[in-house]
$ cat final05.cif   # mmCIF, C-alpha atoms and all ligand atoms
data_input
#
loop_
_atom_site.group_PDB
_atom_site.id
_atom_site.type_symbol
_atom_site.label_atom_id
_atom_site.label_comp_id
_atom_site.auth_asym_id
_atom_site.auth_seq_id
_atom_site.Cartn_x
_atom_site.Cartn_y
_atom_site.Cartn_z
ATOM 1 C CA MET A 21 -19.903 70.653 3.783
ATOM 2 C CA SER A 22 -21.447 74.059 4.133
ATOM 3 C CA LEU A 23 -24.591 75.943 3.336
ATOM 4 C CA HIS A 24 -25.321 76.369 -0.333
ATOM 5 C CA TYR A 25 -26.849 79.585 -1.532
ATOM 6 C CA PRO A 26 -29.594 80.305 -2.168
ATOM 7 C CA VAL A 27 -30.668 78.307 0.880
ATOM 8 C CA VAL A 28 -33.867 76.301 0.299
ATOM 9 C CA THR A 29 -35.711 74.791 3.245
ATOM 10 C CA ARG A 30 -39.050 73.007 3.340
ATOM 11 C CA PHE A 31 -42.029 72.174 5.506
ATOM 12 C CA ALA A 32 -43.489 68.769 4.688
ATOM 13 C CA PRO A 33 -46.612 67.983 6.698
ATOM 14 C CA THR A 34 -48.660 64.808 6.387
ATOM 15 C CA PRO A 35 -52.352 65.746 6.379
ATOM 16 C CA SER A 36 -53.431 62.912 8.660
ATOM 17 C CA GLY A 37 -55.047 65.073 11.314
ATOM 18 C CA GLU A 38 -55.129 68.608 12.621
ATOM 19 C CA LEU A 39 -52.030 70.757 12.474
ATOM 20 C CA HIS A 40 -50.445 70.633 15.936
ATOM 21 C CA VAL A 41 -47.874 72.741 17.700
ATOM 22 C CA GLY A 42 -45.052 70.361 16.746
ATOM 23 C CA HIS A 43 -45.884 71.032 13.098
ATOM 24 C CA VAL A 44 -45.908 74.745 13.767
ATOM 25 C CA LEU A 45 -42.436 74.569 15.278
ATOM 26 C CA ALA A 46 -41.211 72.681 12.200
ATOM 27 C CA ALA A 47 -42.879 75.151 9.815
ATOM 28 C CA TRP A 48 -41.612 78.149 11.735
ATOM 29 C CA ARG A 49 -38.035 76.777 11.889
ATOM 30 C CA ALA A 50 -38.026 76.062 8.158
ATOM 31 C CA ARG A 51 -39.313 79.560 7.367
ATOM 32 C CA HIS A 52 -36.943 81.187 9.854
ATOM 33 C CA MET A 53 -33.818 79.380 8.613
ATOM 34 C CA ALA A 54 -34.664 80.360 5.038
ATOM 35 C CA ASP A 55 -35.233 83.994 6.056
ATOM 36 C CA VAL A 56 -32.020 84.201 8.074
ATOM 37 C CA HIS A 57 -30.067 83.187 4.976
ATOM 38 C CA GLY A 58 -32.128 85.181 2.512
ATOM 39 C CA GLY A 59 -33.394 81.947 1.002
ATOM 40 C CA ARG A 60 -36.637 80.228 0.078
ATOM 41 C CA CYS A 61 -38.922 77.912 2.019
ATOM 42 C CA VAL A 62 -41.132 75.525 0.071
ATOM 43 C CA LEU A 63 -44.175 73.527 1.087
ATOM 44 C CA ARG A 64 -44.735 69.857 0.351
ATOM 45 C CA ILE A 65 -47.799 67.815 1.198
ATOM 46 C CA GLU A 66 -46.764 64.274 2.139
ATOM 47 C CA ASP A 67 -49.939 62.384 1.349
ATOM 48 C CA ILE A 68 -48.771 59.107 -0.184
ATOM 49 C CA ASP A 69 -50.545 57.134 2.519
ATOM 50 C CA THR A 70 -54.041 57.525 1.121
ATOM 51 C CA GLU A 71 -55.608 55.697 4.041
ATOM 52 C CA ARG A 72 -54.164 58.034 6.701
ATOM 53 C CA THR A 73 -54.767 61.168 4.643
ATOM 54 C CA ARG A 74 -58.168 60.288 3.205
ATOM 55 C CA ASP A 75 -60.142 63.066 4.897
ATOM 56 C CA PRO A 76 -59.831 66.218 2.687
ATOM 57 C CA ARG A 77 -60.712 68.407 5.685
ATOM 58 C CA TRP A 78 -57.258 67.775 7.156
ATOM 59 C CA LEU A 79 -55.441 69.242 4.166
ATOM 60 C CA ALA A 80 -57.845 72.170 4.011
ATOM 61 C CA GLY A 81 -57.273 72.674 7.753
ATOM 62 C CA ILE A 82 -53.478 72.776 7.287
ATOM 63 C CA TYR A 83 -53.747 75.540 4.682
ATOM 64 C CA GLU A 84 -56.181 77.444 6.852
ATOM 65 C CA ASP A 85 -54.050 77.148 9.996
ATOM 66 C CA LEU A 86 -50.867 78.160 8.146
ATOM 67 C CA GLU A 87 -52.647 81.207 6.806
ATOM 68 C CA TRP A 88 -53.933 82.076 10.270
ATOM 69 C CA LEU A 89 -50.363 81.753 11.597
ATOM 70 C CA GLY A 90 -49.095 83.986 8.806
ATOM 71 C CA ILE A 91 -46.454 81.466 7.723
ATOM 72 C CA GLN A 92 -45.979 81.707 3.971
ATOM 73 C CA PHE A 93 -44.128 79.559 1.501
ATOM 74 C CA ASP A 94 -42.365 80.234 -1.766
ATOM 75 C CA GLY A 95 -43.196 78.831 -5.164
ATOM 76 C CA GLU A 96 -45.547 76.000 -5.985
ATOM 77 C CA VAL A 97 -46.756 73.489 -3.436
ATOM 78 C CA MET A 98 -45.597 69.960 -4.173
ATOM 79 C CA VAL A 99 -48.198 67.243 -3.576
ATOM 80 C CA GLN A 100 -46.770 63.747 -3.272
ATOM 81 C CA SER A 101 -49.918 61.894 -4.307
ATOM 82 C CA HIS A 102 -49.560 63.546 -7.736
ATOM 83 C CA ARG A 103 -46.052 62.195 -8.208
ATOM 84 C CA MET A 104 -46.412 58.431 -8.043
ATOM 85 C CA GLY A 105 -44.838 58.038 -11.518
ATOM 86 C CA VAL A 106 -41.675 59.830 -10.400
ATOM 87 C CA TYR A 107 -41.322 57.554 -7.379
ATOM 88 C CA ALA A 108 -41.968 54.467 -9.517
ATOM 89 C CA GLU A 109 -39.015 55.513 -11.718
ATOM 90 C CA ALA A 110 -36.724 55.879 -8.714
ATOM 91 C CA LEU A 111 -37.881 52.497 -7.446
ATOM 92 C CA GLU A 112 -37.123 50.982 -10.840
ATOM 93 C CA LYS A 113 -33.625 52.384 -10.715
ATOM 94 C CA LEU A 114 -33.061 50.706 -7.343
ATOM 95 C CA ARG A 115 -34.446 47.474 -8.746
ATOM 96 C CA GLU A 116 -32.087 47.634 -11.741
ATOM 97 C CA LEU A 117 -29.199 48.121 -9.337
ATOM 98 C CA GLY A 118 -30.260 44.864 -7.654
ATOM 99 C CA LEU A 119 -30.971 46.604 -4.373
ATOM 100 C CA LEU A 120 -34.574 45.514 -3.795
ATOM 101 C CA TYR A 121 -35.994 42.246 -2.576
ATOM 102 C CA PRO A 122 -39.548 41.163 -1.875
ATOM 103 C CA CYS A 123 -40.471 40.624 1.755
ATOM 104 C CA PHE A 124 -43.377 38.301 2.365
ATOM 105 C CA CYS A 125 -43.500 38.740 6.146
ATOM 106 C CA SER A 126 -46.669 40.088 7.702
ATOM 107 C CA ARG A 127 -46.505 42.548 10.585
ATOM 108 C CA ALA A 128 -47.636 39.766 12.894
ATOM 109 C CA GLU A 129 -44.750 37.553 11.722
ATOM 110 C CA ILE A 130 -42.223 40.318 12.221
ATOM 111 C CA ARG A 131 -43.591 40.888 15.711
ATOM 112 C CA ALA A 132 -43.480 37.166 16.548
ATOM 113 C CA GLU A 133 -39.896 36.962 15.328
ATOM 114 C CA TRP A 134 -38.988 39.947 17.473
ATOM 115 C CA GLU A 135 -40.582 38.437 20.517
ATOM 116 C CA SER A 136 -38.826 35.126 20.044
ATOM 117 C CA MET A 137 -35.465 36.816 19.476
ATOM 118 C CA THR A 138 -35.450 39.565 21.986
ATOM 119 C CA ARG A 139 -38.468 41.338 23.372
ATOM 120 C CA ALA A 140 -41.435 43.307 22.161
ATOM 121 C CA PRO A 141 -40.606 46.887 21.245
ATOM 122 C CA HIS A 142 -41.259 49.556 23.841
ATOM 123 C CA ALA A 143 -43.696 52.339 23.091
ATOM 124 C CA GLY A 144 -42.196 54.669 20.503
ATOM 125 C CA GLU A 145 -39.639 52.089 19.433
ATOM 126 C CA TYR A 146 -40.309 50.330 16.190
ATOM 127 C CA MET A 147 -39.718 46.732 15.267
ATOM 128 C CA ARG A 148 -36.608 46.584 13.180
ATOM 129 C CA TYR A 149 -36.824 44.047 10.439
ATOM 130 C CA SER A 150 -34.390 41.160 10.826
ATOM 131 C CA GLY A 151 -33.758 40.607 7.119
ATOM 132 C CA HIS A 152 -35.675 37.319 7.085
ATOM 133 C CA CYS A 153 -36.467 37.434 3.349
ATOM 134 C CA ARG A 154 -33.149 38.915 2.248
ATOM 135 C CA ASP A 155 -31.552 35.606 1.354
ATOM 136 C CA LEU A 156 -34.532 33.491 0.349
ATOM 137 C CA PRO A 157 -33.573 31.080 -2.445
ATOM 138 C CA ALA A 158 -34.423 32.484 -5.886
ATOM 139 C CA GLU A 159 -36.769 29.612 -6.769
ATOM 140 C CA CYS A 160 -38.697 30.128 -3.559
ATOM 141 C CA VAL A 161 -39.047 33.868 -4.322
ATOM 142 C CA SER A 162 -40.315 33.217 -7.868
ATOM 143 C CA GLU A 163 -42.799 30.686 -6.589
ATOM 144 C CA LEU A 164 -44.204 33.058 -3.975
ATOM 145 C CA LEU A 165 -44.372 35.916 -6.489
ATOM 146 C CA GLU A 166 -46.133 33.702 -9.024
ATOM 147 C CA LYS A 167 -48.643 32.620 -6.415
ATOM 148 C CA GLY A 168 -49.384 36.272 -5.787
ATOM 149 C CA VAL A 169 -48.433 36.137 -2.098
ATOM 150 C CA PRO A 170 -48.653 39.723 -0.736
ATOM 151 C CA HIS A 171 -45.268 41.341 -0.293
ATOM 152 C CA ALA A 172 -43.461 44.603 0.207
ATOM 153 C CA TRP A 173 -40.210 45.688 -1.457
ATOM 154 C CA ARG A 174 -37.318 46.235 0.911
ATOM 155 C CA ILE A 175 -33.911 47.673 0.246
ATOM 156 C CA ASN A 176 -30.886 45.487 0.845
ATOM 157 C CA MET A 177 -28.680 47.808 2.879
ATOM 158 C CA ARG A 178 -25.690 45.433 2.819
ATOM 159 C CA ARG A 179 -25.641 45.657 -0.957
ATOM 160 C CA VAL A 180 -26.076 49.401 -0.682
ATOM 161 C CA GLU A 181 -22.925 49.501 1.427
ATOM 162 C CA ASP A 182 -21.022 47.402 -1.136
ATOM 163 C CA LEU A 183 -22.049 49.949 -3.747
ATOM 164 C CA ILE A 184 -21.508 53.264 -1.984
ATOM 165 C CA GLY A 185 -19.468 52.550 1.145
ATOM 166 C CA CYS A 186 -20.153 54.807 4.132
ATOM 167 C CA PRO A 187 -20.866 58.381 2.996
ATOM 168 C CA LEU A 188 -20.860 61.412 5.269
ATOM 169 C CA TRP A 189 -23.693 63.787 6.041
ATOM 170 C CA GLU A 190 -23.897 66.806 8.272
ATOM 171 C CA ASP A 191 -26.288 68.235 10.795
ATOM 172 C CA LEU A 192 -25.773 71.895 11.652
ATOM 173 C CA ARG A 193 -26.055 71.182 15.368
ATOM 174 C CA LEU A 194 -24.666 67.636 15.612
ATOM 175 C CA GLY A 195 -21.798 67.996 13.167
ATOM 176 C CA VAL A 196 -20.530 65.548 10.556
ATOM 177 C CA ARG A 197 -21.839 61.994 10.762
ATOM 178 C CA ARG A 198 -21.007 58.839 8.877
ATOM 179 C CA CYS A 199 -23.799 56.785 7.362
ATOM 180 C CA VAL A 200 -23.140 53.054 7.748
ATOM 181 C CA PRO A 201 -25.712 51.521 5.397
ATOM 182 C CA SER A 202 -25.412 47.997 6.819
ATOM 183 C CA ALA A 203 -26.362 49.380 10.245
ATOM 184 C CA CYS A 204 -29.671 50.674 8.827
ATOM 185 C CA GLU A 205 -32.810 48.612 8.621
ATOM 186 C CA ASP A 206 -33.746 47.099 5.253
ATOM 187 C CA ALA A 207 -36.647 49.553 5.071
ATOM 188 C CA VAL A 208 -39.816 48.980 3.071
ATOM 189 C CA LEU A 209 -39.651 51.234 -0.014
ATOM 190 C CA ALA A 210 -42.828 50.115 -1.738
ATOM 191 C CA ARG A 211 -45.936 48.045 -1.250
ATOM 192 C CA LYS A 212 -48.311 46.386 -3.643
ATOM 193 C CA ASP A 213 -50.573 49.391 -4.146
ATOM 194 C CA THR A 214 -48.061 52.130 -3.391
ATOM 195 C CA PRO A 215 -44.883 52.278 -5.502
ATOM 196 C CA THR A 216 -43.157 54.330 -2.816
ATOM 197 C CA SER A 217 -42.756 54.992 0.890
ATOM 198 C CA TYR A 218 -41.973 58.016 3.016
ATOM 199 C CA HIS A 219 -38.237 57.272 2.741
ATOM 200 C CA LEU A 220 -38.124 57.066 -1.035
ATOM 201 C CA ALA A 221 -40.453 60.010 -1.641
ATOM 202 C CA VAL A 222 -38.651 62.285 0.825
ATOM 203 C CA VAL A 223 -35.240 61.960 -0.851
ATOM 204 C CA VAL A 224 -36.656 62.207 -4.376
ATOM 205 C CA ASP A 225 -38.675 65.293 -3.474
ATOM 206 C CA ASP A 226 -36.065 67.117 -1.415
ATOM 207 C CA SER A 227 -33.928 66.898 -4.528
ATOM 208 C CA ALA A 228 -36.765 67.829 -6.925
ATOM 209 C CA GLN A 229 -37.557 70.898 -4.826
ATOM 210 C CA GLN A 230 -33.834 71.736 -4.611
ATOM 211 C CA VAL A 231 -33.981 71.673 -0.838
ATOM 212 C CA ASN A 232 -30.448 72.054 0.489
ATOM 213 C CA LEU A 233 -31.223 72.518 4.190
ATOM 214 C CA VAL A 234 -33.626 70.022 5.721
ATOM 215 C CA THR A 235 -35.009 71.275 9.021
ATOM 216 C CA ARG A 236 -37.140 68.710 10.801
ATOM 217 C CA GLY A 237 -37.846 67.144 14.167
ATOM 218 C CA ALA A 238 -35.268 64.952 15.898
ATOM 219 C CA ASP A 239 -37.720 62.034 15.714
ATOM 220 C CA LEU A 240 -36.583 61.602 12.110
ATOM 221 C CA LEU A 241 -32.872 61.619 12.968
ATOM 222 C CA GLU A 242 -32.755 57.823 13.076
ATOM 223 C CA PHE A 243 -33.779 57.707 9.409
ATOM 224 C CA THR A 244 -31.324 60.288 8.092
ATOM 225 C CA PRO A 245 -28.556 57.707 7.452
ATOM 226 C CA LEU A 246 -31.037 55.741 5.337
ATOM 227 C CA HIS A 247 -31.968 58.900 3.460
ATOM 228 C CA ARG A 248 -28.282 59.696 2.927
ATOM 229 C CA ALA A 249 -27.721 56.217 1.518
ATOM 230 C CA LEU A 250 -30.717 56.518 -0.821
ATOM 231 C CA GLN A 251 -29.414 59.864 -2.074
ATOM 232 C CA ALA A 252 -26.067 58.227 -2.829
ATOM 233 C CA VAL A 253 -27.487 55.262 -4.770
ATOM 234 C CA LEU A 254 -29.927 57.445 -6.696
ATOM 235 C CA GLY A 255 -27.240 60.006 -7.518
ATOM 236 C CA LEU A 256 -29.097 62.808 -5.755
ATOM 237 C CA PRO A 257 -27.409 65.710 -3.957
ATOM 238 C CA THR A 258 -27.252 65.613 -0.168
ATOM 239 C CA PRO A 259 -28.774 68.500 1.751
ATOM 240 C CA LEU A 260 -27.485 69.749 5.049
ATOM 241 C CA TYR A 261 -29.703 68.788 7.977
ATOM 242 C CA ALA A 262 -30.814 70.676 11.042
ATOM 243 C CA HIS A 263 -32.819 68.378 13.301
ATOM 244 C CA HIS A 264 -34.599 70.299 16.006
ATOM 245 C CA LEU A 265 -35.743 69.293 19.461
ATOM 246 C CA LEU A 266 -39.163 67.814 20.029
ATOM 247 C CA LEU A 267 -41.804 69.494 22.139
ATOM 248 C CA ARG A 268 -42.603 67.962 25.507
ATOM 249 C CA ASP A 269 -45.177 68.667 28.186
ATOM 250 C CA ALA A 270 -44.369 69.892 31.687
ATOM 251 C CA SER A 271 -43.847 66.296 32.869
ATOM 252 C CA GLY A 272 -41.313 65.687 30.108
ATOM 253 C CA ARG A 273 -43.510 63.529 27.902
ATOM 254 C CA ARG A 274 -43.418 64.067 24.170
ATOM 255 C CA LEU A 275 -46.504 65.941 23.011
ATOM 256 C CA ALA A 276 -48.915 63.485 21.438
ATOM 257 C CA LYS A 277 -50.185 64.417 18.001
ATOM 258 C CA ARG A 278 -53.576 63.118 18.955
ATOM 259 C CA ASP A 279 -53.854 65.358 21.989
ATOM 260 C CA ARG A 280 -56.372 68.006 20.968
ATOM 261 C CA ALA A 281 -54.937 70.526 23.404
ATOM 262 C CA CYS A 282 -51.860 70.680 21.144
ATOM 263 C CA SER A 283 -53.746 71.398 17.953
ATOM 264 C CA VAL A 284 -53.627 74.812 16.339
ATOM 265 C CA ARG A 285 -57.383 74.668 15.964
ATOM 266 C CA PHE A 286 -57.810 74.194 19.688
ATOM 267 C CA CYS A 287 -55.451 77.084 20.501
ATOM 268 C CA ARG A 288 -57.454 79.270 18.113
ATOM 269 C CA GLU A 289 -60.711 78.215 19.701
ATOM 270 C CA GLN A 290 -59.298 79.131 23.106
ATOM 271 C CA GLY A 291 -58.795 82.663 21.839
ATOM 272 C CA MET A 292 -55.033 82.531 21.407
ATOM 273 C CA SER A 293 -53.603 84.828 18.765
ATOM 274 C CA PRO A 294 -51.046 83.631 16.211
ATOM 275 C CA GLN A 295 -48.447 85.835 17.928
ATOM 276 C CA GLN A 296 -49.180 84.220 21.292
ATOM 277 C CA LEU A 297 -48.873 80.750 19.818
ATOM 278 C CA LEU A 298 -45.563 81.549 18.128
ATOM 279 C CA ALA A 299 -44.324 83.199 21.337
ATOM 280 C CA SER A 300 -45.219 80.051 23.305
ATOM 281 C CA LEU A 301 -43.073 78.050 20.877
ATOM 282 C CA GLN A 302 -40.217 80.496 21.210
ATOM 283 C CA ARG A 303 -40.418 80.044 25.007
ATOM 284 C CA ALA A 304 -40.502 76.261 24.599
ATOM 285 C CA VAL A 305 -37.345 76.325 22.470
ATOM 286 C CA GLU A 306 -35.639 78.398 25.165
ATOM 287 C CA HIS A 307 -36.734 75.896 27.823
ATOM 288 C CA GLY A 308 -35.501 72.665 26.292
ATOM 289 C CA GLY A 309 -38.700 72.011 24.354
ATOM 290 C CA VAL A 310 -41.182 72.147 27.247
ATOM 291 C CA TRP A 311 -44.334 73.637 25.774
ATOM 292 C CA THR A 312 -47.116 75.202 27.734
ATOM 293 C CA ALA A 313 -49.761 77.320 26.070
HETATM 294 N N1 LIG A 401 -44.218 64.298 6.706
HETATM 295 C C1 LIG A 401 -43.477 64.168 7.916
HETATM 296 C C2 LIG A 401 -44.359 64.575 9.100
HETATM 297 O O1 LIG A 401 -45.380 65.203 8.940
HETATM 298 C C3 LIG A 401 -42.222 65.022 7.926
HETATM 299 C C4 LIG A 401 -41.158 64.419 7.082
HETATM 300 C C5 LIG A 401 -39.837 65.164 7.054
HETATM 301 O O2 LIG A 401 -39.742 66.303 7.509
HETATM 302 O O3 LIG A 401 -38.877 64.577 6.518
HETATM 303 O O4 LIG A 401 -44.030 64.208 10.211
HETATM 304 ZN ZN ZN A 402 -39.671 39.293 5.129
#
$ encode --input "final05.cif" --output "structure tokens"
Amino acid sequence: MSLHYPVVTRFAPTPSGELHVGHVLAAWRARHMADVHGGRCVLRIEDIDTERTRDPRWLAGIYEDLEWLGIQFDGEVMVQSHRMGVYAEALEKLRELGLLYPCFCSRAEIRAEWESMTRAPHAGEYMRYSGHCRDLPAECVSELLEKGVPHAWRINMRRVEDLIGCPLWEDLRLGVRRCVPSACEDAVLARKDTPTSYHLAVVVDDSAQQVNLVTRGADLLEFTPLHRALQAVLGLPTPLYAHHLLLRDASGRRLAKRDRACSVRFCREQGMSPQQLLASLQRAVEHGGVWTA
């Protein structure tokens, strides 16, 4: 696997709050990697979660902050909330392949099952789904569906593995990795009111935008095997990945998105210039991700 030219990278923020320095690092890396290779960097607004992204000021703020920073993007902006039909088609394809099953578990039930099996998840760790509804008897499933019991659609990763085996993917820094689908969680790909999820939309859109180098934070590394598997079952090309380090504070803690002191707006209000902010990120990258304004 190697870089494909022209290189296309992307920045894909979720407008669920103010743009923070972690976003800026991601945007700057995407732009920089595209520039280094004479390529393009596209922008995508990941707003499928209408509840989290309901305040239009957040999206307006992202555009304003990016302009202030002087980070520009190529071509048209892709907005996920305008593309629900495209995701529904991809979901249908997975359904036709027999890869989806309804999960009737509530969050509380998943948590209770976790607690009885092992322990509650630590902060930052998420509750992996056990696969409780994967093998429910067909008559039981039809009955629950007929009754209109709320459910989400999960992907059966064991079946995915039967279909595609264990494909490879590559991270520029970490090297070649093997995706073992059955080791991935049976992730939720759709809910009643939303015919998609982050995971489904991200692979469909990286392909639609012809992104061939995905630069993003290492917090998403754990999901890349799932994304690789989805690309394989949907017949989509696989980009190269370049996961970058996450910003931390002086005590080593990951910067919290909610911490106002890390927002671009706050840095602006403190009189920082765009150059100073970008220089502080450059310093952070040189110091293992420790960011101080
Ligand atoms: N929308 C995600 C975020 O704002 C980024 C997703 C990605 O880069 O794959 O954290
Ligand atoms: Zn379930």
$ atom_distance --input "final05.cif" --atom1 "CA of Leu39 in chain A" --atom2 "CA of Gly81 in chain A"
7.3 Å
$ atom_distance --input "final05.cif" --atom1 "CA of Arg72 in chain A" --atom2 "CA of Glu135 in chain A"
27.6 Å
$ residues_around --input "final05.cif" --residues "range 235-240 of chain A" --least-positions-apart "6" --cutoff "6 Å" --atoms "all atoms listed in the file" --output "PyMOL selection string"
chain A and resi 46+50+261-265
$ residues_near_ligand --input "final05.cif" --ligand "ligand ZN 402 (chain A)" --cutoff "7 Å" --atoms "all atoms listed in the file" --output "number ranges by chain"
A: 123-125, 151-153
$ resolve_selection --input "final05.cif" --expression "the PyMOL selection byres (((not hetatm)) within 9 of (chain A and resi 401))" --output "ChimeraX atom specification"
/A:30-36,43,46,64-67,218-219,222-223,226,234-237,239-240,244
$ write_last_selection --input "final05.cif" --atoms "C-alpha atoms" --output "short mmCIF file (atom, residue, chain, number, x, y, z; two decimals), keeping the file's coordinate frame"
data_model
loop_
_atom_site.label_atom_id
_atom_site.label_comp_id
_atom_site.auth_asym_id
_atom_site.auth_seq_id
_atom_site.Cartn_x
_atom_site.Cartn_y
_atom_site.Cartn_z
CA ARG A 30 -39.05 73.01 3.34
CA PHE A 31 -42.03 72.17 5.51
CA ALA A 32 -43.49 68.77 4.69
CA PRO A 33 -46.61 67.98 6.70
CA THR A 34 -48.66 64.81 6.39
CA PRO A 35 -52.35 65.75 6.38
CA SER A 36 -53.43 62.91 8.66
CA HIS A 43 -45.88 71.03 13.10
CA ALA A 46 -41.21 72.68 12.20
CA ARG A 64 -44.74 69.86 0.35
CA ILE A 65 -47.80 67.82 1.20
CA GLU A 66 -46.76 64.27 2.14
CA ASP A 67 -49.94 62.38 1.35
CA TYR A 218 -41.97 58.02 3.02
CA HIS A 219 -38.24 57.27 2.74
CA VAL A 222 -38.65 62.28 0.82
CA VAL A 223 -35.24 61.96 -0.85
CA ASP A 226 -36.06 67.12 -1.42
CA VAL A 234 -33.63 70.02 5.72
CA THR A 235 -35.01 71.28 9.02
CA ARG A 236 -37.14 68.71 10.80
CA GLY A 237 -37.85 67.14 14.17
CA ASP A 239 -37.72 62.03 15.71
CA LEU A 240 -36.58 61.60 12.11
CA THR A 244 -31.32 60.29 8.09
#
$ resolve_selection --input "final05.cif" --expression "the PyMOL selection byres (((chain A and resi 247) around 10) and not hetatm)" --output "list in words"
Trp189, Cys199, Pro201, His219, Leu220, Ala221, Val222, Val223, Val224, Leu241, Glu242, Phe243, Thr244, Pro245, Leu246, Arg248, Ala249, Leu250, Gln251, Ala252 and Thr258 of chain A
$ write_last_selection --input "final05.cif" --atoms "C-alpha atoms" --output "compact mmCIF listing (two decimals), in the coordinates of the input"
# COMPACT_ATOMS: atom_id res chain seq x y z
CA TRP A 189 -23.69 63.79 6.04
CA CYS A 199 -23.80 56.78 7.36
CA PRO A 201 -25.71 51.52 5.40
CA HIS A 219 -38.24 57.27 2.74
CA LEU A 220 -38.12 57.07 -1.03
CA ALA A 221 -40.45 60.01 -1.64
CA VAL A 222 -38.65 62.28 0.82
CA VAL A 223 -35.24 61.96 -0.85
CA VAL A 224 -36.66 62.21 -4.38
CA LEU A 241 -32.87 61.62 12.97
CA GLU A 242 -32.76 57.82 13.08
CA PHE A 243 -33.78 57.71 9.41
CA THR A 244 -31.32 60.29 8.09
CA PRO A 245 -28.56 57.71 7.45
CA LEU A 246 -31.04 55.74 5.34
CA ARG A 248 -28.28 59.70 2.93
CA ALA A 249 -27.72 56.22 1.52
CA LEU A 250 -30.72 56.52 -0.82
CA GLN A 251 -29.41 59.86 -2.07
CA ALA A 252 -26.07 58.23 -2.83
CA THR A 258 -27.25 65.61 -0.17
$ residues_near_point --input "final05.cif" --point "(-37.3, 75.2, 27.7)" --cutoff "12 Å" --atoms "only C-alpha atoms" --output "list in words"
Leu265, Leu266, Leu267, Arg268, Asp269, Ala270, Gly272, Ser300, Leu301, Gln302, Arg303, Ala304, Val305, Glu306, His307, Gly308, Gly309, Val310, Trp311 and Thr312 of chain A
$ residues_around --input "final05.cif" --residues "Tyr149 in chain A" --least-positions-apart "4" --cutoff "8 Å" --atoms "all atoms listed in the file" --output "number ranges by chain"
A: 130, 205-207
$ closest_residue --input "final05.cif" --among "A:Pro187, A:Asp94, A:Leu254, A:Gln290" --to "Ser227 in chain A" --atoms "all atoms listed in the file"
A:Leu254
$ closest_residue --input "final05.cif" --among "A:Glu38, A:Gln229, A:Arg127, A:Gly90" --to "Ser293 in chain A" --atoms "only C-alpha atoms"
A:Gly90
$ residues_around --input "final05.cif" --residues "Val231 in chain A" --least-positions-apart "5" --cutoff "10 Å" --atoms "only C-alpha atoms" --output "ChimeraX atom specification"
/A:24,26-30,60-62,223,225-226,257-260
$ closest_residue --input "final05.cif" --among "A:Asp69, A:Met104, A:Leu79, A:Val44" --to "Ile91 in chain A" --atoms "only C-alpha atoms"
A:Val44
$ atom_distance --input "final05.cif" --atom1 "CA of Ala172 in chain A" --atom2 "CA of Lys113 in chain A"
16.6 Å
$ closest_residue --input "final05.cif" --among "A:Gly95, A:Gln230, A:Tyr121, A:Leu114" --to "Tyr25 in chain A" --atoms "all atoms listed in the file"
A:Gln230
$ closest_residue --input "final05.cif" --among "A:Arg131, A:Ala313, A:Arg193, A:Thr73" --to "Arg288 in chain A" --atoms "all atoms listed in the file"
A:Ala313
$ closest_residue --input "final05.cif" --among "A:Ala108, A:Glu116, A:Val253, A:Leu275" --to "Lys212 in chain A" --atoms "all atoms listed in the file"
A:Ala108
